[in-house]
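**Q** Quick one: structure below, then a few questions.
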2 protein chains.
Amino acid sequence: MTNYDAAFHALADPTRRAVLVTLAQGPRPVSELAAPHAMALPTFLKHLRVLEDAALIATEKRGRTRHCALRPEALRPLEGWLAAQRETWAARTDRLADHLERENPDV
Amino acid sequence: MTNYDAAFHALADPTRRAVLVTLAQGPRPVSELAAPHAMALPTFLKHLRVLEDAALIATEKRGRTRHCALRPEALRPLEGWLAAQRETWAARTDRLADHLERENPDV
């Protein structure tokens, strides 16, 4: 089940969004993910933990290095939530237009 | 221009998402929006301010009441951002499958 609080919170930070953009191109070791970010490693690891707790990424230890991968299926429910609100609004606007047309057929 | 930090932060709260679900059905006065939420009015107004600062809703004063409306166009860039990451990942997975098929045509 999607934790919308955790997922949207994880997305509300530019470092974490940049990590997701990189991981969309394929899994990466943590060291490679961290390199472009000008911050202490523990700070960066906290960002990864927020993404992992929100189930947006998965991490896996291989030997002595930890690898991260995007969980693309976690993005769908978020898109779905946003689309649902937009479509509810659009359906209402269409009904309103139909109603006005029936009330004022000559306009 | 979309402020992704502010928009995703605004979405990371159940009260604020509930307000957006209600507003998707049409504009509402603040008093009507606040009624189902068991919290002090100032707390609720802070949630509305977060949504307004993120440009997810617009508010307008009519006489003595303030009305809120969804800004559905603000949802599109967020959906687009999520879809872009998902599609980048999918394209990569497709390329990988093609590559494996060429390397192992008999499998």
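Ligands are numbered from 1 in the order shown, residues from 1 within each chain, and chains are lettered A, B, ... in the order they appear in the structure tokens.
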Give me, as a ChimeraX atom specification, the residues of chain B touching chain A, with the criterion being at most 9 Å (counting only C-alpha atoms).
**A** /B:4-14,20-26,70-73,75-76,78-80,82-93
**Q** Calculate how many Å separate CA of Cys68 in chain B from CA of Asp53 in chain B, rounding to one decimal.
**A**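 Distance reported for this atom pair: 12.9 Å.
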**Q** Quote the spacing between CA of Met1 in chain B and CA of Arg28 in chain B in Å to one decimal place.
**A**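 For CA of Met1 in chain B relative to CA of Arg28 in chain B, the distance reads 25.8 Å.
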**Q** Under the rule that only C-alpha atoms are counted, which of A:Pro29, A:His37, A:Leu45, A:Leu96 is the nearest residue to Arg66 in chain A?
**A**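 Smallest distance to Arg66 in chain A is found for A:Pro29.
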**Q** What is the distance, in Å and to one decimal place, between CA of Leu56 in chain A and CA of Ala54 in chain B?
**A**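 That distance, rounded to one decimal, is 22.6 Å.
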